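**Student:** File name run_26.tsv; file contents TSV, C-alpha atoms; full text below.
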```tsv
chain	number	residue	atom	x	y	z
A	1	MET	CA	100.40	74.44	129.07
A	2	LYS	CA	98.19	71.39	128.81
A	3	TYR	CA	99.62	67.99	127.89
A	4	ILE	CA	97.28	65.43	126.39
A	5	ARG	CA	98.73	61.94	126.21
A	6	VAL	CA	96.91	59.65	123.83
A	7	ALA	CA	97.03	55.88	124.24
A	8	LEU	CA	98.07	54.58	120.84
A	9	ALA	CA	96.84	51.14	121.77
A	10	LEU	CA	93.32	52.42	121.07
A	11	CYS	CA	94.03	52.94	117.38
A	12	ALA	CA	96.00	51.33	114.62
A	13	LEU	CA	97.76	54.50	113.42
A	14	PRO	CA	101.50	54.86	114.04
A	15	ALA	CA	102.64	57.79	116.16
A	16	PRO	CA	103.90	60.07	113.38
A	17	ALA	CA	100.72	59.60	111.37
A	18	PHE	CA	98.62	60.36	114.41
A	19	ALA	CA	100.54	63.56	115.06
A	20	GLN	CA	99.93	64.72	111.49
A	21	ASN	CA	96.21	64.14	111.86
A	22	VAL	CA	95.87	66.32	114.96
A	23	SER	CA	94.17	69.55	113.88
A	24	CYS	CA	93.00	72.79	115.42
A	25	GLN	CA	89.77	74.14	113.95
A	26	ALA	CA	90.61	77.75	114.86
A	27	CYS	CA	94.27	77.54	113.79
A	28	ASP	CA	94.90	79.41	110.55
A	29	HIS	CA	98.71	79.18	110.29
A	30	VAL	CA	101.09	76.23	110.47
A	31	ALA	CA	104.80	75.57	110.63
A	32	PRO	CA	105.25	73.52	107.45
A	33	TYR	CA	108.05	71.41	108.98
A	34	PHE	CA	108.22	70.91	112.75
A	35	ARG	CA	111.03	69.04	114.46
A	36	GLY	CA	113.73	69.91	116.96
A	37	SER	CA	113.78	73.18	118.90
A	38	GLY	CA	113.26	76.78	117.83
A	39	GLY	CA	110.39	79.24	117.97
A	40	PHE	CA	107.92	81.37	116.01
A	41	ILE	CA	106.99	85.05	115.83
A	42	GLY	CA	104.19	86.94	114.13
A	43	THR	CA	101.87	89.94	114.22
A	44	VAL	CA	98.74	89.55	116.33
A	45	ALA	CA	95.62	89.62	114.16
A	46	GLU	CA	93.24	92.54	114.55
A	47	GLY	CA	90.68	92.04	117.30
A	48	VAL	CA	92.54	89.05	118.79
A	49	ASP	CA	93.28	88.99	122.53
A	50	GLU	CA	95.36	85.81	122.66
A	51	VAL	CA	97.45	83.74	120.26
A	52	THR	CA	97.10	80.02	120.86
A	53	PHE	CA	98.99	77.08	119.44
A	54	VAL	CA	98.76	73.29	119.23
A	55	ALA	CA	102.06	71.39	119.08
A	56	SER	CA	102.02	67.65	118.40
A	57	CYS	CA	104.95	65.27	118.58
A	58	ASN	CA	104.86	61.50	118.73
A	59	SER	CA	101.84	60.71	120.92
A	60	VAL	CA	101.75	63.99	122.86
A	61	THR	CA	99.71	67.07	121.95
A	62	THR	CA	100.39	70.32	123.83
A	63	THR	CA	98.23	73.44	123.73
A	64	GLY	CA	99.25	76.84	125.02
A	65	GLU	CA	99.23	80.60	124.59
A	66	ALA	CA	102.07	82.51	122.95
A	67	ASN	CA	103.68	85.49	124.64
A	68	ILE	CA	102.27	88.81	123.37
A	69	HIS	CA	104.41	91.94	123.37
A	70	GLY	CA	102.37	94.82	121.97
A	71	ALA	CA	101.39	93.85	118.43
A	72	THR	CA	103.76	90.88	118.27
A	73	ALA	CA	103.37	87.33	119.54
A	74	SER	CA	106.21	84.84	119.95
A	75	GLN	CA	106.86	81.42	121.45
A	76	LEU	CA	109.93	79.24	121.93
A	77	PHE	CA	109.74	75.47	121.62
A	78	ASN	CA	112.66	73.77	123.35
A	79	LEU	CA	113.52	71.04	125.85
A	80	GLY	CA	113.05	73.45	128.73
A	81	ASN	CA	109.35	73.99	128.11
A	82	GLY	CA	108.71	70.53	126.68
A	83	LEU	CA	107.73	71.75	123.21
A	84	ALA	CA	110.75	70.44	121.32
A	85	CYS	CA	109.99	67.53	119.02
A	86	ASP	CA	112.50	64.73	118.51
A	87	GLN	CA	110.39	62.74	116.03
A	88	GLU	CA	109.52	63.05	112.36
A	89	GLY	CA	105.90	63.92	111.65
A	90	GLY	CA	105.44	66.61	114.31
A	91	SER	CA	103.05	69.50	113.71
A	92	LEU	CA	102.66	73.06	114.98
A	93	GLU	CA	99.42	74.98	114.34
A	94	ILE	CA	98.71	78.54	115.47
A	95	ALA	CA	95.59	80.69	115.82
A	96	GLY	CA	95.46	84.49	115.98
A	97	LEU	CA	98.28	85.71	113.70
A	98	GLU	CA	98.32	87.89	110.62
A	99	ASP	CA	100.03	86.64	107.47
A	100	GLY	CA	103.79	87.26	107.48
A	101	GLY	CA	104.75	85.29	110.58
A	102	TRP	CA	107.84	83.10	110.52
A	103	TYR	CA	109.63	80.48	112.59
A	104	TRP	CA	113.03	78.89	113.01
A	105	ILE	CA	114.50	75.50	113.82
A	106	THR	CA	117.89	75.17	115.50
A	107	ASP	CA	119.84	72.07	114.47
A	108	GLU	CA	123.17	70.85	115.91
A	109	THR	CA	125.28	73.58	114.31
A	110	ASN	CA	122.96	75.83	112.29
A	111	SER	CA	119.46	77.29	112.27
A	112	ALA	CA	116.86	77.33	109.50
A	113	VAL	CA	114.19	79.98	109.02
A	114	GLY	CA	110.92	79.56	107.17
A	115	PRO	CA	107.50	81.22	106.79
A	116	LEU	CA	104.40	80.23	108.69
A	117	LEU	CA	101.98	79.09	106.00
A	118	ARG	CA	98.27	79.76	105.87
A	119	ALA	CA	96.43	76.58	106.70
A	120	ASP	CA	94.10	76.99	103.73
A	121	VAL	CA	96.95	76.61	101.21
A	122	LEU	CA	98.08	73.21	102.47
A	123	GLY	CA	95.70	71.49	100.08
A	124	ASN	CA	97.38	73.15	97.09
A	125	GLU	CA	99.59	71.08	94.83
A	126	THR	CA	103.22	70.92	95.94
A	127	THR	CA	106.21	71.25	93.63
A	128	PRO	CA	108.99	68.63	93.75
A	129	VAL	CA	112.20	70.11	95.16
A	130	THR	CA	115.33	69.53	93.08
A	131	SER	CA	117.64	67.00	94.67
A	132	ALA	CA	121.27	67.92	95.33
A	133	GLY	CA	122.33	64.29	95.62
A	134	ASP	CA	123.42	62.19	98.59
A	135	GLY	CA	125.18	65.14	100.23
A	136	VAL	CA	121.90	66.83	101.18
A	137	THR	CA	119.11	65.09	103.06
A	138	MET	CA	115.53	66.15	102.33
A	139	SER	CA	112.72	65.68	104.86
A	140	GLU	CA	109.20	66.30	103.60
A	141	GLY	CA	106.89	68.42	105.74
A	142	ARG	CA	103.47	70.00	105.18
A	143	GLY	CA	104.12	72.46	102.37
A	144	ALA	CA	107.90	72.62	102.89
A	145	VAL	CA	111.03	70.48	102.77
A	146	PHE	CA	113.73	70.53	105.45
A	147	LEU	CA	117.18	70.41	103.84
A	148	LYS	CA	120.45	69.54	105.55
A	149	GLU	CA	123.92	69.49	104.04
A	150	LEU	CA	125.72	66.59	105.71
A	151	SER	CA	129.27	67.92	105.31
A	152	THR	CA	128.64	71.32	106.95
A	153	GLY	CA	125.45	70.88	108.97
A	154	ARG	CA	123.81	73.76	107.15
A	155	VAL	CA	120.02	73.53	107.22
A	156	GLY	CA	117.15	75.26	105.45
A	157	ILE	CA	113.37	75.23	105.21
A	158	LEU	CA	112.25	75.39	101.58
A	159	PRO	CA	108.51	75.90	100.92
A	160	ASN	CA	107.27	73.81	98.01
A	161	ILE	CA	103.80	75.33	97.72
A	162	LEU	CA	104.63	78.04	95.22
A	163	PRO	CA	102.64	81.26	94.70
A	164	VAL	CA	100.35	81.18	91.69
A	165	PRO	CA	99.94	84.31	89.53
A	166	GLU	CA	96.50	85.87	89.62
A	167	VAL	CA	94.39	84.79	86.68
A	168	ASP	CA	92.49	87.44	84.79
A	169	PRO	CA	88.74	86.86	85.05
A	170	GLU	CA	87.04	85.41	82.02
A	171	PRO	CA	85.74	88.19	79.76
A	172	VAL	CA	82.03	88.77	80.16
A	173	ASN	CA	79.95	88.37	77.03
A	174	VAL	CA	77.74	91.45	77.15
A	175	CYS	CA	74.45	91.58	75.30
A	176	ASP	CA	75.27	93.09	71.94
A	177	TYR	CA	74.68	92.08	68.34
A	178	THR	CA	76.06	89.54	65.92
A	179	GLY	CA	76.49	89.45	62.18
A	180	ALA	CA	74.73	86.10	61.85
A	181	GLY	CA	71.57	87.60	60.42
A	182	THR	CA	69.76	87.48	57.10
A	183	THR	CA	70.40	89.30	53.84
A	184	ALA	CA	67.62	91.76	54.64
A	185	SER	CA	68.77	92.18	58.26
A	186	PRO	CA	72.46	91.29	58.40
A	187	TYR	CA	72.74	92.00	62.11
A	188	ARG	CA	70.94	89.99	64.77
A	189	ARG	CA	70.51	90.99	68.40
A	190	GLU	CA	72.06	88.85	71.15
A	191	THR	CA	69.48	88.18	73.85
A	192	SER	CA	70.73	85.01	75.54
A	193	ASN	CA	73.92	83.81	77.24
A	194	CYS	CA	75.01	87.40	77.70
A	195	ALA	CA	75.20	89.96	80.49
A	196	MET	CA	72.69	92.78	80.76
A	197	GLY	CA	74.01	96.24	81.57
A	198	ASP	CA	72.89	98.99	83.92
A	199	GLY	CA	70.94	100.97	81.29
A	200	LYS	CA	73.04	104.11	81.66
A	201	PRO	CA	73.94	105.93	78.43
A	202	VAL	CA	76.95	108.04	77.53
A	203	LEU	CA	77.19	111.15	75.40
A	204	ARG	CA	79.86	110.71	72.74
A	205	VAL	CA	81.71	113.83	71.60
A	206	LEU	CA	83.49	113.89	68.25
A	207	GLY	CA	85.89	116.67	67.32
A	208	PRO	CA	86.24	118.55	64.02
A	209	GLU	CA	87.05	116.64	60.84
A	210	GLY	CA	90.74	116.01	60.24
A	211	LEU	CA	92.30	118.25	57.62
A	212	TYR	CA	93.60	115.34	55.52
A	213	THR	CA	91.61	112.30	56.62
A	214	GLY	CA	88.19	113.88	57.10
A	215	GLU	CA	87.69	111.64	60.15
A	216	ARG	CA	86.59	112.80	63.59
A	217	SER	CA	88.37	111.81	66.78
A	218	PRO	CA	86.62	111.39	70.14
A	219	ILE	CA	87.03	114.21	72.66
A	220	PRO	CA	86.99	113.26	76.38
A	221	ALA	CA	84.69	115.17	78.70
A	222	GLY	CA	86.22	118.56	79.40
A	223	GLY	CA	88.48	118.33	76.32
A	224	GLN	CA	89.43	121.40	74.32
A	225	VAL	CA	88.48	122.68	70.87
A	226	LEU	CA	90.32	125.54	69.14
A	227	ARG	CA	88.20	128.43	67.92
A	228	PRO	CA	89.07	129.55	64.40
A	229	VAL	CA	90.31	133.12	63.96
A	230	GLY	CA	90.34	135.55	61.09
A	231	ALA	CA	87.73	136.05	58.41
A	232	GLY	CA	85.36	133.18	57.69
A	233	GLY	CA	85.93	129.57	58.60
A	234	SER	CA	84.31	127.38	61.26
A	235	VAL	CA	84.72	124.10	63.11
A	236	ASP	CA	82.02	121.87	64.51
A	237	VAL	CA	81.73	119.30	67.27
A	238	LYS	CA	79.16	116.51	67.26
A	239	PHE	CA	77.34	115.01	70.25
A	240	ASP	CA	75.25	111.80	70.16
A	241	LEU	CA	73.84	109.31	72.67
A	242	TRP	CA	75.00	105.68	73.05
A	243	GLY	CA	74.83	102.79	75.48
A	244	ASN	CA	77.74	102.65	77.91
A	245	GLY	CA	78.93	99.23	76.76
A	246	THR	CA	77.71	97.24	79.76
A	247	GLY	CA	75.24	95.27	77.63
A	248	HIS	CA	71.86	95.87	75.99
A	249	PHE	CA	69.82	94.71	73.01
A	250	THR	CA	67.14	96.35	70.92
A	251	THR	CA	63.57	95.91	72.05
A	252	ALA	CA	62.28	95.45	68.51
A	253	GLU	CA	63.06	92.07	66.97
A	254	THR	CA	63.43	93.70	63.57
A	255	GLY	CA	65.42	96.77	62.64
A	256	ASP	CA	69.03	97.71	63.29
A	257	ALA	CA	70.37	95.45	66.05
A	258	ARG	CA	73.39	97.78	66.36
A	259	LEU	CA	71.28	100.56	67.89
A	260	GLY	CA	73.26	102.23	70.68
A	261	HIS	CA	76.30	100.00	70.18
A	262	SER	CA	79.75	101.14	69.12
A	263	GLY	CA	79.99	100.94	65.35
A	264	GLY	CA	76.21	101.10	64.98
A	265	THR	CA	73.72	103.94	65.16
A	266	PRO	CA	73.08	106.33	68.08
A	267	LEU	CA	70.03	106.22	70.32
A	268	THR	CA	67.22	108.62	69.50
A	269	ALA	CA	67.48	111.78	71.59
A	270	THR	CA	66.78	115.49	71.81
A	271	PHE	CA	69.49	117.95	72.80
A	272	THR	CA	69.94	121.31	74.44
A	273	GLY	CA	73.12	123.36	74.56
A	274	THR	CA	74.42	126.11	76.80
A	275	TYR	CA	77.62	128.10	77.08
A	276	SER	CA	79.28	129.88	79.98
A	277	SER	CA	82.54	131.58	80.80
A	278	GLY	CA	82.91	129.39	83.89
A	279	GLY	CA	82.70	125.63	84.36
A	280	ALA	CA	80.23	123.16	82.94
A	281	GLY	CA	76.52	123.56	83.58
A	282	GLY	CA	74.21	126.56	83.62
A	283	GLY	CA	74.99	129.49	81.38
A	284	THR	CA	73.23	130.91	78.33
A	285	ASP	CA	71.17	128.78	75.96
A	286	ILE	CA	72.44	128.22	72.45
A	287	ASP	CA	69.44	128.79	70.17
A	288	ALA	CA	68.49	125.60	68.36
A	289	ALA	CA	65.58	127.06	66.37
A	290	GLY	CA	66.60	126.34	62.79
A	291	GLY	CA	70.26	126.42	63.75
A	292	VAL	CA	70.18	130.17	64.45
A	293	SER	CA	73.60	131.40	65.56
A	294	GLU	CA	74.25	132.84	68.97
A	295	THR	CA	76.25	135.68	67.45
A	296	ALA	CA	77.40	137.05	70.78
A	297	ALA	CA	79.54	133.95	71.34
A	298	GLY	CA	80.09	132.72	67.80
A	299	LEU	CA	78.14	129.49	68.45
A	300	SER	CA	75.24	127.68	66.88
A	301	ILE	CA	73.65	124.28	67.41
A	302	ASP	CA	71.76	121.95	65.07
A	303	THR	CA	69.93	118.96	66.57
A	304	ALA	CA	68.75	117.09	63.49
A	305	ASP	CA	68.87	113.29	63.05
A	306	ASP	CA	69.63	112.45	66.69
A	307	VAL	CA	72.92	114.33	66.58
A	308	ALA	CA	73.72	117.71	68.12
A	309	THR	CA	76.20	119.65	66.00
A	310	VAL	CA	77.75	122.67	67.67
A	311	THR	CA	79.38	125.01	65.16
A	312	ILE	CA	82.07	127.40	66.39
A	313	THR	CA	82.93	130.51	64.34
A	314	PRO	CA	85.50	133.31	64.77
A	315	ASN	CA	84.60	135.91	67.37
A	316	GLU	CA	86.90	138.83	68.21
A	317	THR	CA	85.22	139.36	71.57
A	318	TYR	CA	86.76	136.04	72.63
A	319	CYS	CA	89.79	135.59	70.38
A	320	SER	CA	91.75	138.43	68.82
A	321	GLU	CA	95.06	140.23	69.25
A	322	ASP	CA	93.59	141.92	72.33
A	323	ASN	CA	91.36	139.12	73.68
A	324	ASP	CA	92.06	135.58	74.81
A	325	HIS	CA	88.92	134.18	76.46
A	326	SER	CA	87.66	130.61	76.66
A	327	LEU	CA	84.13	129.38	77.21
A	328	THR	CA	82.54	126.07	78.13
A	329	VAL	CA	79.94	124.50	75.86
A	330	THR	CA	77.66	121.98	77.60
A	331	VAL	CA	75.28	119.69	75.70
A	332	THR	CA	72.60	117.62	77.41
A	333	ALA	CA	70.76	114.71	75.79
A	334	ASP	CA	67.30	113.41	76.64
A	335	ALA	CA	66.43	109.93	75.34
A	336	THR	CA	63.22	110.30	73.37
A	337	ALA	CA	62.47	106.56	73.44
A	338	PRO	CA	64.14	105.13	76.57
A	339	ASP	CA	62.35	101.79	76.08
A	340	GLN	CA	63.71	101.17	72.57
A	341	VAL	CA	66.45	99.05	74.14
A	342	THR	CA	66.57	96.51	76.99
A	343	PRO	CA	67.38	97.38	79.71
A	344	GLY	CA	65.66	100.71	79.17
A	345	ILE	CA	67.69	103.92	79.23
A	346	VAL	CA	68.08	105.14	82.80
A	347	GLU	CA	67.56	108.87	83.03
A	348	ASN	CA	68.50	111.24	85.83
A	349	PRO	CA	65.36	112.65	87.50
A	350	PRO	CA	67.22	115.27	89.60
A	351	ALA	CA	68.51	116.78	86.35
A	352	ASN	CA	65.10	117.15	84.63
A	353	ASP	CA	65.11	113.67	83.10
A	354	GLU	CA	68.39	114.22	81.31
A	355	ALA	CA	70.04	111.04	80.08
A	356	ALA	CA	73.61	112.30	79.73
A	357	THR	CA	75.63	115.52	79.71
A	358	SER	CA	79.07	116.40	78.39
A	359	SER	CA	81.14	119.54	77.95
A	360	VAL	CA	84.01	120.87	75.85
A	361	LEU	CA	86.17	123.92	76.42
A	362	VAL	CA	86.44	126.32	73.46
A	363	VAL	CA	89.83	128.04	73.57
A	364	CYS	CA	91.81	130.46	71.43
A	365	PRO	CA	94.75	129.22	69.39
```
Transcribe the structure of this file into structure tokens.

**Tutor:**
Amino acid sequence: MKYIRVALALCALPAPAFAQNVSCQACDHVAPYFRGSGGFIGTVAEGVDEVTFVASCNSVTTTGEANIHGATASQLFNLGNGLACDQEGGSLEIAGLEDGGWYWITDETNSAVGPLLRADVLGNETTPVTSAGDGVTMSEGRGAVFLKELSTGRVGILPNILPVPEVDPEPVNVCDYTGAGTTASPYRRETSNCAMGDGKPVLRVLGPEGLYTGERSPIPAGGQVLRPVGAGGSVDVKFDLWGNGTGHFTTAETGDARLGHSGGTPLTATFTGTYSSGGAGGGTDIDAAGGVSETAAGLSIDTADDVATVTITPNETYCSEDNDHSLTVTVTADATAPDQVTPGIVENPPANDEAATSSVLVVCP
């Protein structure tokens, strides 16, 4: 160990204040209150070969290396090795430990245990510790208070830099639309003070109309639709193309500013549909020419008005008393005007310029 004695005559600072001002640039953990004898222990940080410390007391600063045993480093400070501190205002700083290290101080009759604090939290605001009256002395440290009950000699180290709950990040205002428009165009696009998205679209899938409400509920990718059975009857599923909600605005200054936004109108697109008895992708085309049915599977598709409507009818080859077969319907959308919004719709070149794809599983009741 190296002892550095500093002549206080060269400065006007008292000894305790000088000791508090001694710092170690590489030290990342500190004992928040350092006086008396005791020791510290901690886990050696990854990639570290040695754990060093700087102990200051009165006018003496001592540097040294802690003992390493495998992944653990420890060091005693006592009268025997000259590291004990008999003055207020001592400091102990350590370099090379992971978080989670701790230390102890042995008083006349009892010992106190406390955590080694990260040096970068010492600037945080401290919380006043509740006083227990004249029966307990309180000695302020750096991020902790040393408590001692006079009648019993019990001691404790109480940190007074308290953990702060994580704060949720401020919500990002994505580029969207606002209702602050004119009578002719009630919606106005937001093009400033907002976040632009990545240009990727999503294919929304809406299930059959509710029996009583007439409303359609979204179906997640890979969701199921029941095929009707018996004579007559049909159900349909609708697919349309939208922005993914990360922020965009319409390229045209006039027109519907809600284009591609939830609650607005879908992006313009063309659609193709296939079905297969296996997973999504590939399979047999569903004929879209005039909505002609693919009678072999009881499916048809209509792609008018930027919406693909897949109609599912009864089919005894798939669903009957003797048959219980499912099939996967996959619909792919291609944005016909990818530059109608900013940022422009990002398509997927490896998949033949397809903007988005989604599938549903048609099952028997």

**Student:** Here is a test: counting all atoms listed in the file, which residue of A:Thr303, A:Arg118, A:Gly283, A:Asn160 is nearest to Thr328 in chain A?

**Tutor:**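 For Thr328 in chain A, the nearest of the candidates is A:Gly283.
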
**Student:** Between A:Gly70, A:Pro32, A:Pro218, A:Gly123, which one has atoms that come closest to Phe146 in chain A, using all atoms listed in the file?

**Tutor:** A:Pro32

**Student:** What separation in Å, quoted to one decimal, exists between CA of His261 in chain A and CA of Glu170 in chain A?

**Tutor:**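 A separation of 21.6 Å between them.
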
**Student:** Can you pull out the residues contacting range 237-240 of chain A? Cut-off 7 Å, using only C-alpha atoms, and skip same-chain residues under 3 positions away; I want them as a list in words.

**Tutor:**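 Here the answer would be Leu203, Arg204, Val205, Leu206, Gly207, Pro208, Pro266, Asp306, Val307, Ala308, Thr309, Val310 and Thr311 of chain A.
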
**Student:** Mind listing whatever residues come within 9 Å of the point (98.5, 80.2, 109.7)? Use only C-alpha atoms, file coordinates, and give them as a list in words.

**Tutor:**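 Every residue inside that radius is included here: Cys27, Asp28, His29, Val30, Ala31, Glu93, Ile94, Ala95, Gly96, Leu97, Glu98, Asp99, Gly101, Leu116, Leu117, Arg118, Ala119 and Asp120 of chain A.
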
**Student:** As number ranges by chain, please: the residues near Ile105 in chain A (cut-off 10 Å, all atoms listed in the file, same-chain neighbours under 3 positions excluded).

**Tutor:** A: 33-40, 77-78, 84, 110-114, 146, 155-157

**Student:** How would the residues just chosen look if you wrote them out with C-alpha atoms as a PDB file, in the coordinates of the input?

**Tutor:**
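Written file, part.pdb:
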```
ATOM      1  CA  TYR A  33     108.050  71.410 108.980  1.00  0.00           C
ATOM      2  CA  PHE A  34     108.220  70.910 112.750  1.00  0.00           C
ATOM      3  CA  ARG A  35     111.030  69.040 114.460  1.00  0.00           C
ATOM      4  CA  GLY A  36     113.730  69.910 116.960  1.00  0.00           C
ATOM      5  CA  SER A  37     113.780  73.180 118.900  1.00  0.00           C
ATOM      6  CA  GLY A  38     113.260  76.780 117.830  1.00  0.00           C
ATOM      7  CA  GLY A  39     110.390  79.240 117.970  1.00  0.00           C
ATOM      8  CA  PHE A  40     107.920  81.370 116.010  1.00  0.00           C
ATOM      9  CA  PHE A  77     109.740  75.470 121.620  1.00  0.00           C
ATOM     10  CA  ASN A  78     112.660  73.770 123.350  1.00  0.00           C
ATOM     11  CA  ALA A  84     110.750  70.440 121.320  1.00  0.00           C
ATOM     12  CA  ASN A 110     122.960  75.830 112.290  1.00  0.00           C
ATOM     13  CA  SER A 111     119.460  77.290 112.270  1.00  0.00           C
ATOM     14  CA  ALA A 112     116.860  77.330 109.500  1.00  0.00           C
ATOM     15  CA  VAL A 113     114.190  79.980 109.020  1.00  0.00           C
ATOM     16  CA  GLY A 114     110.920  79.560 107.170  1.00  0.00           C
ATOM     17  CA  PHE A 146     113.730  70.530 105.450  1.00  0.00           C
ATOM     18  CA  VAL A 155     120.020  73.530 107.220  1.00  0.00           C
ATOM     19  CA  GLY A 156     117.150  75.260 105.450  1.00  0.00           C
ATOM     20  CA  ILE A 157     113.370  75.230 105.210  1.00  0.00           C
TER      21      ILE A 157
END
```

**Student:** Find the distance between CA of Trp102 in chain A and CA of Ser59 in chain A and write it in Å to one decimal.

**Tutor:**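 Value for the CA of Trp102 in chain A-CA of Ser59 in chain A distance: 25.4 Å.
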
**Student:** So that I can check the surroundings of Gly222 in chain A, please list as a list in words every protein, DNA and RNA residue that reaches within 7 Å of it, counting only C-alpha atoms and ignoring chain neighbours fewer than 5 positions away.

**Tutor:**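 Here the qualifying residues turn out to be Ser359, Val360 and Leu361 of chain A.
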
**Student:** What's the 6 Å shell around Ala333 in chain A, counting all atoms listed in the file, without same-chain residues fewer than 2 positions away, as a VMD selection string?

**Tutor:** chain A and resid 270 to 271 355 to 356

**Student:** Any chance you could work out the axis-aligned box around range 91-106 of chain A, listed atoms only, 3 Å on each side, giving centre and edge lengths in Å to one decimal, as AutoDock Vina command-line options?

**Tutor:**
```
--center_x 106.7 --center_y 78.7 --center_z 111.7 --size_x 28.4 --size_y 24.4 --size_z 14.5
```

**Student:** In terms of the shortest atom-to-atom distance over only C-alpha atoms, which of A:Pro128, A:Gly153, A:Gly243, A:Gly223 is closest to Asp107 in chain A?

**Tutor:**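 Residue with the minimum atom-to-atom distance to Asp107 in chain A: A:Gly153.
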
**Student:** Around (65.5, 97.9, 75.8) in the file's frame, which residues reach within 12 Å when counting all atoms listed in the file? Return as a ChimeraX atom specification?

**Tutor:** /A:175-176,189,191,196-201,243,247-253,257,259-260,267,337-346
